[in-house]
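**Student:** Pasting query12.pdb below, which is PDB, C-alpha atoms.
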ATOM      1  CA  MET A 918     144.443  -3.771 113.573
ATOM      2  CA  ILE A 919     147.963  -2.554 114.161
ATOM      3  CA  ALA A 920     149.595  -2.009 110.756
ATOM      4  CA  LYS A 921     152.445  -4.265 109.730
ATOM      5  CA  THR A 922     155.213  -1.900 108.712
ATOM      6  CA  PRO A 923     158.776  -2.542 107.531
ATOM      7  CA  LYS A 924     161.994  -1.556 109.254
ATOM      8  CA  PRO A 925     162.223   2.281 109.360
ATOM      9  CA  PRO A 926     162.592   4.677 107.706
ATOM     10  CA  TYR A 927     159.169   5.012 106.124
ATOM     11  CA  TYR A 928     156.532   7.748 106.236
ATOM     12  CA  ALA A 929     153.384   8.290 108.292
ATOM     13  CA  VAL A 930     150.580  10.656 107.284
ATOM     14  CA  ILE A 931     148.775  11.584 110.494
ATOM     15  CA  PHE A 932     145.290  12.842 109.665
ATOM     16  CA  THR A 933     143.249  14.149 112.613
ATOM     17  CA  SER A 934     139.756  15.509 112.059
ATOM     18  CA  THR A 935     136.546  16.640 113.692
ATOM     19  CA  LEU A 936     133.213  16.365 111.885
ATOM     20  CA  ILE A 937     130.405  18.909 111.587
ATOM     21  CA  GLY A 938     127.847  16.425 112.844
ATOM     22  CA  GLU A 939     125.747  14.182 110.651
ATOM     23  CA  ASP A 940     127.525  11.247 108.989
ATOM     24  CA  ASN A 941     125.982  12.254 105.642
ATOM     25  CA  GLY A 942     127.953   9.717 103.616
ATOM     26  CA  TYR A 943     131.215  10.282 105.480
ATOM     27  CA  SER A 944     131.717   6.729 106.835
ATOM     28  CA  LYS A 945     131.062   5.161 103.456
ATOM     29  CA  ALA A 946     133.502   7.530 101.741
ATOM     30  CA  ALA A 947     136.118   6.974 104.476
ATOM     31  CA  ASP A 948     135.895   3.202 104.010
ATOM     32  CA  ARG A 949     136.167   3.602 100.235
ATOM     33  CA  MET A 950     139.273   5.798 100.636
ATOM     34  CA  ILE A 951     140.927   3.063 102.719
ATOM     35  CA  THR A 952     140.236   0.534  99.957
ATOM     36  CA  LEU A 953     141.532   2.943  97.330
ATOM     37  CA  ALA A 954     144.682   3.809  99.323
ATOM     38  CA  GLN A 955     145.529   0.119  99.553
ATOM     39  CA  GLN A 956     145.741  -0.025  95.769
ATOM     40  CA  GLN A 957     148.317   2.772  95.498
ATOM     41  CA  ASP A 958     151.995   2.273  94.792
ATOM     42  CA  GLY A 959     154.033   2.780  97.955
ATOM     43  CA  TYR A 960     151.139   2.064 100.334
ATOM     44  CA  ILE A 961     152.217   0.169 103.449
ATOM     45  CA  GLY A 962     149.314   0.163 105.897
ATOM     46  CA  ILE A 963     146.648   2.134 107.726
ATOM     47  CA  GLU A 964     145.374   2.548 111.294
ATOM     48  CA  SER A 965     142.179   4.333 112.210
ATOM     49  CA  ALA A 966     140.157   5.112 115.342
ATOM     50  CA  ARG A 967     137.077   7.299 115.660
ATOM     51  CA  GLY A 968     136.124   9.174 118.825
ATOM     52  CA  ASP A 969     135.670  12.827 119.788
ATOM     53  CA  ILE A 970     138.329  13.264 117.170
ATOM     54  CA  ASN A 971     139.002  10.869 114.317
ATOM     55  CA  ILE A 972     142.574   9.757 113.759
ATOM     56  CA  THR A 973     143.726   7.985 110.618
ATOM     57  CA  ILE A 974     147.382   7.208 110.092
ATOM     58  CA  SER A 975     148.467   5.887 106.722
ATOM     59  CA  TYR A 976     151.978   4.562 106.164
ATOM     60  CA  TRP A 977     153.892   5.053 102.922
ATOM     61  CA  ARG A 978     157.215   4.103 101.373
ATOM     62  CA  ASP A 979     158.280   7.659 100.501
ATOM     63  CA  LEU A 980     157.156  11.245  99.889
ATOM     64  CA  GLU A 981     156.502  10.557  96.201
ATOM     65  CA  SER A 982     153.866   7.919  96.970
ATOM     66  CA  ILE A 983     152.198  10.306  99.459
ATOM     67  CA  LYS A 984     152.078  13.028  96.797
ATOM     68  CA  SER A 985     150.569  10.633  94.230
ATOM     69  CA  TRP A 986     147.914   9.552  96.731
ATOM     70  CA  LYS A 987     147.015  13.154  97.576
ATOM     71  CA  GLU A 988     146.607  13.912  93.858
ATOM     72  CA  ASN A 989     144.670  10.729  92.999
ATOM     73  CA  ALA A 990     141.577  11.836  91.057
ATOM     74  CA  GLU A 991     138.936  10.035  93.117
ATOM     75  CA  HIS A 992     140.685  11.001  96.354
ATOM     76  CA  SER A 993     140.757  14.665  95.269
ATOM     77  CA  ILE A 994     136.990  14.711  94.781
ATOM     78  CA  VAL A 995     136.468  13.254  98.246
ATOM     79  CA  GLN A 996     138.928  15.745  99.795
ATOM     80  CA  GLU A 997     136.894  18.582  98.298
ATOM     81  CA  LYS A 998     133.649  17.076  99.586
ATOM     82  CA  GLY A 999     135.283  16.755 103.006
ATOM     83  CA  ARG A1000     135.999  20.475 103.117
ATOM     84  CA  SER A1001     132.531  21.484 101.951
ATOM     85  CA  GLU A1002     130.349  18.919 103.748
ATOM     86  CA  TRP A1003     131.951  16.801 106.477
ATOM     87  CA  TYR A1004     134.834  18.390 108.311
ATOM     88  CA  LYS A1005     134.633  21.016 110.989
ATOM     89  CA  SER A1006     138.424  20.947 111.112
ATOM     90  CA  PHE A1007     141.346  18.742 110.210
ATOM     91  CA  LYS A1008     145.103  18.665 110.408
ATOM     92  CA  THR A1009     147.438  16.603 108.229
ATOM     93  CA  ARG A1010     150.988  15.947 109.373
ATOM     94  CA  ILE A1011     153.583  14.316 107.132
ATOM     95  CA  SER A1012     156.176  12.573 109.278
ATOM     96  CA  LYS A1013     159.153  10.301 108.787
ATOM     97  CA  VAL A1014     159.220   7.258 111.072
ATOM     98  CA  GLU A1015     162.772   6.947 112.357
ATOM     99  CA  ARG A1016     162.390   4.219 114.945
ATOM    100  CA  ASP A1017     159.780   1.759 116.169
ATOM    101  CA  TYR A1018     159.339  -1.026 118.672
ATOM    102  CA  GLU A1019     156.539  -3.357 119.512
ATOM    103  CA  PHE A1020     155.051  -5.729 122.038
ATOM    104  CA  GLU A1021     152.906  -8.790 121.520
ATOM    105  CA  LYS A1022     151.561 -11.037 124.272
TER     106      LYS A1022
ATOM    107  CA  MET B1427     140.726  18.080 120.286
ATOM    108  CA  ILE B1428     143.231  18.552 117.491
ATOM    109  CA  ALA B1429     146.588  19.412 119.082
ATOM    110  CA  LYS B1430     148.002  22.892 118.558
ATOM    111  CA  THR B1431     151.500  22.285 117.295
ATOM    112  CA  PRO B1432     154.240  24.695 116.177
ATOM    113  CA  LYS B1433     155.742  25.053 112.735
ATOM    114  CA  PRO B1434     157.615  21.796 111.844
ATOM    115  CA  PRO B1435     159.975  20.185 112.515
ATOM    116  CA  TYR B1436     158.850  18.564 115.766
ATOM    117  CA  TYR B1437     158.342  14.941 116.778
ATOM    118  CA  ALA B1438     155.307  12.654 116.982
ATOM    119  CA  VAL B1439     155.204   9.469 119.054
ATOM    120  CA  ILE B1440     152.536   7.276 117.471
ATOM    121  CA  PHE B1441     151.358   4.710 120.004
ATOM    122  CA  THR B1442     148.872   2.128 118.704
ATOM    123  CA  SER B1443     147.560  -0.600 121.003
ATOM    124  CA  THR B1444     145.016  -3.354 121.477
ATOM    125  CA  LEU B1445     143.825  -4.358 124.943
ATOM    126  CA  ILE B1446     143.352  -7.820 126.424
ATOM    127  CA  GLY B1447     139.783  -7.066 127.374
ATOM    128  CA  GLU B1448     138.701  -5.732 130.768
ATOM    129  CA  ASP B1449     139.483  -2.087 131.507
ATOM    130  CA  ASN B1450     140.976  -3.112 134.875
ATOM    131  CA  GLY B1451     142.300   0.359 135.700
ATOM    132  CA  TYR B1452     143.541   1.080 132.174
ATOM    133  CA  SER B1453     141.401   4.161 131.427
ATOM    134  CA  LYS B1454     142.284   5.795 134.731
ATOM    135  CA  ALA B1455     145.998   5.153 134.183
ATOM    136  CA  ALA B1456     145.793   6.396 130.575
ATOM    137  CA  ASP B1457     144.178   9.658 131.723
ATOM    138  CA  ARG B1458     146.810  10.062 134.440
ATOM    139  CA  MET B1459     149.596   9.547 131.877
ATOM    140  CA  ILE B1460     148.151  12.338 129.707
ATOM    141  CA  THR B1461     148.193  14.683 132.717
ATOM    142  CA  LEU B1462     151.742  13.642 133.583
ATOM    143  CA  ALA B1463     152.978  14.011 129.983
ATOM    144  CA  GLN B1464     151.668  17.581 129.912
ATOM    145  CA  GLN B1465     154.030  18.445 132.768
ATOM    146  CA  GLN B1466     157.172  17.263 130.958
ATOM    147  CA  ASP B1467     159.749  19.514 129.379
ATOM    148  CA  GLY B1468     159.397  19.503 125.595
ATOM    149  CA  TYR B1469     155.753  18.374 125.606
ATOM    150  CA  ILE B1470     153.700  19.984 122.831
ATOM    151  CA  GLY B1471     150.345  18.222 122.677
ATOM    152  CA  ILE B1472     148.418  14.962 122.518
ATOM    153  CA  GLU B1473     145.638  13.402 120.430
ATOM    154  CA  SER B1474     143.843  10.203 121.324
ATOM    155  CA  ALA B1475     141.002   8.057 119.962
ATOM    156  CA  ARG B1476     139.816   4.661 121.169
ATOM    157  CA  GLY B1477     138.184   2.054 118.954
ATOM    158  CA  ASP B1478     139.021  -1.487 117.866
ATOM    159  CA  ILE B1479     142.517  -0.177 118.265
ATOM    160  CA  ASN B1480     143.555   2.702 120.486
ATOM    161  CA  ILE B1481     145.691   5.421 118.965
ATOM    162  CA  THR B1482     147.503   8.031 121.030
ATOM    163  CA  ILE B1483     149.832  10.496 119.369
ATOM    164  CA  SER B1484     151.944  12.731 121.576
ATOM    165  CA  TYR B1485     153.951  15.601 120.116
ATOM    166  CA  TRP B1486     157.370  16.627 121.419
ATOM    167  CA  ARG B1487     160.018  19.255 120.798
ATOM    168  CA  ASP B1488     162.895  16.809 120.236
ATOM    169  CA  LEU B1489     164.205  13.278 120.766
ATOM    170  CA  GLU B1490     165.669  14.201 124.163
ATOM    171  CA  SER B1491     162.270  15.116 125.597
ATOM    172  CA  ILE B1492     160.797  11.841 124.236
ATOM    173  CA  LYS B1493     163.589   9.892 125.933
ATOM    174  CA  SER B1494     163.030  11.690 129.252
ATOM    175  CA  TRP B1495     159.317  10.977 129.090
ATOM    176  CA  LYS B1496     159.904   7.284 128.366
ATOM    177  CA  GLU B1497     162.217   7.070 131.369
ATOM    178  CA  ASN B1498     160.000   9.076 133.737
ATOM    179  CA  ALA B1499     159.683   7.009 136.948
ATOM    180  CA  GLU B1500     155.884   6.994 137.229
ATOM    181  CA  HIS B1501     155.524   6.420 133.484
ATOM    182  CA  SER B1502     157.923   3.455 133.665
ATOM    183  CA  ILE B1503     155.803   1.741 136.319
ATOM    184  CA  VAL B1504     152.692   2.165 134.161
ATOM    185  CA  GLN B1505     154.523   0.889 131.046
ATOM    186  CA  GLU B1506     155.421  -2.245 132.974
ATOM    187  CA  LYS B1507     151.839  -2.679 134.168
ATOM    188  CA  GLY B1508     150.679  -2.242 130.573
ATOM    189  CA  ARG B1509     152.820  -5.148 129.429
ATOM    190  CA  SER B1510     151.747  -7.435 132.239
ATOM    191  CA  GLU B1511     148.049  -6.524 132.585
ATOM    192  CA  TRP B1512     146.456  -4.416 129.851
ATOM    193  CA  TYR B1513     147.976  -4.759 126.419
ATOM    194  CA  LYS B1514     147.459  -7.585 124.003
ATOM    195  CA  SER B1515     149.812  -5.788 121.620
ATOM    196  CA  PHE B1516     151.216  -2.357 120.939
ATOM    197  CA  LYS B1517     153.506  -0.562 118.550
ATOM    198  CA  THR B1518     155.372   2.677 119.192
ATOM    199  CA  ARG B1519     156.685   4.713 116.280
ATOM    200  CA  ILE B1520     158.956   7.720 116.740
ATOM    201  CA  SER B1521     158.545  10.077 113.809
ATOM    202  CA  LYS B1522     159.701  13.517 112.782
ATOM    203  CA  VAL B1523     156.960  15.801 111.473
ATOM    204  CA  GLU B1524     158.341  17.515 108.393
ATOM    205  CA  ARG B1525     155.256  19.269 107.054
ATOM    206  CA  ASP B1526     151.698  19.974 108.092
ATOM    207  CA  TYR B1527     148.613  21.766 106.884
ATOM    208  CA  GLU B1528     145.194  22.348 108.319
ATOM    209  CA  PHE B1529     141.603  23.276 107.628
ATOM    210  CA  GLU B1530     139.111  25.028 109.850
ATOM    211  CA  LYS B1531     135.537  25.907 108.903
TER     212      LYS B1531
END
Step by step, read the file and then write its structure as structure tokens.
**Tutor:**
Amino acid sequence: MIAKTPKPPYYAVIFTSTLIGEDNGYSKAADRMITLAQQQDGYIGIESARGDINITISYWRDLESIKSWKENAEHSIVQEKGRSEWYKSFKTRISKVERDYEFEK
Amino acid sequence: MIAKTPKPPYYAVIFTSTLIGEDNGYSKAADRMITLAQQQDGYIGIESARGDINITISYWRDLESIKSWKENAEHSIVQEKGRSEWYKSFKTRISKVERDYEFEK
């Protein structure tokens, strides 16, 4: 679902990844991280699509809430597991949404 | 493939969409738009994944190059066709990438 986000400015964390191969618990952990993110202060919304590359964009109120989420204890364990077991590569981009527009039929 | 992007700052156009249903020429047009975007001044890279929602993120040097791309004649025709034939909904977010980090195994 397209995330409902407030009037800009707000922040987007663009997380793009490729996996080594086997799911090996990845999907379950990814779903759990979405649930956990939703409970964080400053969380706004999330959008995710999986293909040749996986893209997850989470939206946040400010840089402080992004930092807190990155340092969340359970999230930190999963980040470490991601590096050792699941990801072939990833890139995280912290960006400030300056403008948006939408269309609905 | 994860886009190769320069040291920030640069811009990301986050385009999230849901389709009405039938492909009806959408995939072909989407592929053509990627090819066309690559030829524009200020283009840096693109990442795309299709699922329940489609996410396409294109990266650009500055706001001017994003504006030129939006107003490109062939792109404008396809945007119009998207509204009338393909999209159930979409959201476009213009964001400035301030920081990034990556991992490669």
**Student:** Could you check how far atom CA of A:Ile974 sits from atom CA of A:Glu1002, in Å to one decimal?
**Tutor:**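 One can read the atom CA of A:Ile974 to atom CA of A:Glu1002 distance as 21.6 Å.
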**Student:** Once the PyMOL selection byres ((chain A and resi 950) around 12) is applied to the coordinates I shared, what remains selected? I want it as a list in words.
**Tutor:**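 Listing what the PyMOL selection byres ((chain A and resi 950) around 12) selects in the shown file: Tyr943, Ser944, Lys945, Ala946, Ala947, Asp948, Arg949, Ile951, Thr952, Leu953, Ala954, Gln955, Gln956, Gln957, Ile963, Thr973, Ser975, Trp986, Lys987, Asn989, Ala990, Glu991, His992, Ser993, Ile994, Val995, Gln996 and Gly999 of chain A.
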**Student:** At a cut-off of 10 Å, using all atoms listed in the file, what residues contact B:Tyr1527? Leave out same-chain residues fewer than 3 positions from it and give the result as a PDB file with C-alpha atoms, in the coordinates of the input.
**Tutor:**
ATOM      1  CA  PHE A 932     145.290  12.842 109.665  1.00  0.00           C
ATOM      2  CA  PHE A1007     141.346  18.742 110.210  1.00  0.00           C
ATOM      3  CA  LYS A1008     145.103  18.665 110.408  1.00  0.00           C
ATOM      4  CA  THR A1009     147.438  16.603 108.229  1.00  0.00           C
ATOM      5  CA  ARG A1010     150.988  15.947 109.373  1.00  0.00           C
ATOM      6  CA  ILE A1011     153.583  14.316 107.132  1.00  0.00           C
TER       7      ILE A1011
ATOM      8  CA  LYS B1433     155.742  25.053 112.735  1.00  0.00           C
TER       9      LYS B1433
END
**Student:** Each residue of chain A lying at most 6 Å from chain B should get a row with its shortest atom-to-atom pair and the distance in Å to one decimal, counting only C-alpha atoms; could you produce that, ordered by chain and increasing number, as JSON lines?
**Tutor:**
{"residue": "A:Ala966", "atom": "CA", "partner": "B:Gly1477", "partner_atom": "CA", "distance": 5.1}
{"residue": "A:Arg967", "atom": "CA", "partner": "B:Ala1475", "partner_atom": "CA", "distance": 5.9}
{"residue": "A:Gly968", "atom": "CA", "partner": "B:Ala1475", "partner_atom": "CA", "distance": 5.1}
{"residue": "A:Lys1005", "atom": "CA", "partner": "B:Lys1531", "partner_atom": "CA", "distance": 5.4}
{"residue": "A:Ser1006", "atom": "CA", "partner": "B:Glu1530", "partner_atom": "CA", "distance": 4.3}
{"residue": "A:Phe1007", "atom": "CA", "partner": "B:Phe1529", "partner_atom": "CA", "distance": 5.2}
{"residue": "A:Lys1008", "atom": "CA", "partner": "B:Glu1528", "partner_atom": "CA", "distance": 4.2}
{"residue": "A:Thr1009", "atom": "CA", "partner": "B:Asp1526", "partner_atom": "CA", "distance": 5.4}
{"residue": "A:Arg1010", "atom": "CA", "partner": "B:Asp1526", "partner_atom": "CA", "distance": 4.3}
{"residue": "A:Ile1011", "atom": "CA", "partner": "B:Arg1525", "partner_atom": "CA", "distance": 5.2}
{"residue": "A:Ser1012", "atom": "CA", "partner": "B:Val1523", "partner_atom": "CA", "distance": 4.0}
{"residue": "A:Lys1013", "atom": "CA", "partner": "B:Ser1521", "partner_atom": "CA", "distance": 5.1}
{"residue": "A:Val1014", "atom": "CA", "partner": "B:Ser1521", "partner_atom": "CA", "distance": 4.0}
{"residue": "A:Glu1015", "atom": "CA", "partner": "B:Ser1521", "partner_atom": "CA", "distance": 5.5}
{"residue": "A:Arg1016", "atom": "CA", "partner": "B:Ile1520", "partner_atom": "CA", "distance": 5.2}
{"residue": "A:Asp1017", "atom": "CA", "partner": "B:Arg1519", "partner_atom": "CA", "distance": 4.3}
{"residue": "A:Tyr1018", "atom": "CA", "partner": "B:Thr1518", "partner_atom": "CA", "distance": 5.5}
{"residue": "A:Glu1019", "atom": "CA", "partner": "B:Lys1517", "partner_atom": "CA", "distance": 4.2}
{"residue": "A:Phe1020", "atom": "CA", "partner": "B:Phe1516", "partner_atom": "CA", "distance": 5.2}
{"residue": "A:Glu1021", "atom": "CA", "partner": "B:Ser1515", "partner_atom": "CA", "distance": 4.3}
{"residue": "A:Lys1022", "atom": "CA", "partner": "B:Lys1514", "partner_atom": "CA", "distance": 5.4}
**Student:** Can you translate the PyMOL selection byres ((chain B and resi 1487) around 6) into the concrete residues it hits in this file, as a list in words?
**Tutor:**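 Applying the expression gives Tyr1436, Gly1468, Trp1486 and Asp1488 of chain B.
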**Student:** In Å, with one decimal, what is the gap from atom CA of A:Ile983 to atom CA of A:Pro923?
**Tutor:**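 If I compute the distance from atom CA of A:Ile983 to atom CA of A:Pro923, I get 16.5 Å.
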**Student:** Do you have the atom CA of A:Glu988-atom CA of A:Tyr960 distance handy?
**Tutor:**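 Here the two named atoms are 14.2 Å from each other.
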**Student:** Rank B:Tyr1485, B:Trp1512, B:Asn1450, B:Glu1506 by their smallest atom-to-atom distance to B:Asp1467, using all atoms listed in the file, and report the top residue only.
**Tutor:**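 Of the candidates, the smallest distance to B:Asp1467 is held by B:Tyr1485.
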